[in-house]
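Take a look at the structure below.
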Amino acid sequence: MNKDTNYYGIDISTDVFDVMDQKGVHYQFKNSQKGFAELLKILTKKSHCVMEATGYYHYQLAYFLLENHICVSLENPLSVKRFIQMKLSKIKTDKSDAKMICEYAQNVELKLWKGNSKDQLECLQIIRMLSVYSKQSTALKNKIHGEKTLGNTKTCVVKSINRSLKSIKKEVDLLEKKLQEIVKKTNQDLLTRLESIPGLGRKTSLMLIVLTDGFERFETANALCSYSGLTPTIRQSGSSIKGRPRISKMGNPKLRNLLFMCSFTACKYSKACKAIYDRIVAKGKSKKLALIAVCNKLLKQAFAIAKSGLIYDETYRSTLVRN
């Protein structure tokens, strides 16, 4: 916390956003350019605005503040939620959330948000759209399966679903091609180095580069593993352990699924990953837990290669990451 800085907690919703300063003064503005301009009037060069990175709502305001030379931090909603829980706050309103975000800002080390380039923004849009198409495709395939179970394999509905699936496949191919073109233009060297890791395919490498902004978003490999939802969660109180250790479901599901698929190939072609898998299984642990450990290994290898600027070398021992 910087004593010379004036922190503002901002909670954004669809139509309005609430602001709370360090003195407890509350403001509410419309979530529009006019509202942004009104907020700017109460800010100074020493102001630091903090908000949660929640979907689409925060982007317009964040970029507006950045363009007007106001310090901005976009925080993980989970981190803010845990801070609120620690404070034992029972009140849940937009005003109270803005207050807690302001308190949060004064108690943690904030990282300044620098915004995304046009290429990065387009890549993120593509990934979000690919996720939409993936869900649509799964729903349609389930529908076809249901129709076939009923014996309806030649109806107009099934034909319609098949046409829709072909259309989605065509759009997915176009988007994936565009994503690859952009990443090759901006991070060709990094993409080549990541693909040198045994088991790490092109789709996963592309996803890692985009979601981590070329690995600039994370300072440690452990932070990257947590973001991916590959850190184990253990519920324990005293001598009582509730349930078996399992991975967190709070990370990025698409990235987690891709890494899990990569872990099978990595066990086949990487001696280091195979050794981890065999060691964990030999201890009587589940194969799934062993594969999750391999996913973590892949992420740490990717992080080390991204930060070191080196190509993958099976005999190299990184000083950046300890496994």
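Within each chain, counting starts at residue 1; across the structure tokens, chains are named A, B, ... in the order shown, with ligands numbered 1 upward in that order.
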
Phe218 of chain A surroundings by only C-alpha atoms, 12 Å radius, close-in-sequence under 2 positions cut, as a PyMOL selection string | chain A and resi 111+208-209+211-216+220-228+299-300+303-304+306-307

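Coordinates place atom CA of Lys254 of chain A at a distance of 16.6 Å from atom CA of Ala139 of chain A.
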
Select from segment 1-198 of chain A everything DSSP, run on the backbone, classes as alpha helix (DSSP H), then give the selection as a ChimeraX atom specification.
-> /A:33-42,57-67,77-86,94-107,118-149,156-195

Could you make a table, as JSON lines, of the residues of segment 78-125 of chain A that have an atom within 12 Å of an atom of segment 200-206 of chain A, each with its nearest atom pair and distance in Å to one decimal, counting only C-alpha atoms, in chain and number order?
{"residue": "A:Gln120", "atom": "CA", "partner": "A:Leu206", "partner_atom": "CA", "distance": 11.8}
{"residue": "A:Cys123", "atom": "CA", "partner": "A:Leu206", "partner_atom": "CA", "distance": 9.7}
{"residue": "A:Leu124", "atom": "CA", "partner": "A:Leu206", "partner_atom": "CA", "distance": 11.2}

Would you mind listing what lies within 10 Å of segment 29-46 of chain A as a count of residues only, with only C-alpha atoms counted and same-chain residues fewer than 2 positions away left out?
-> 28
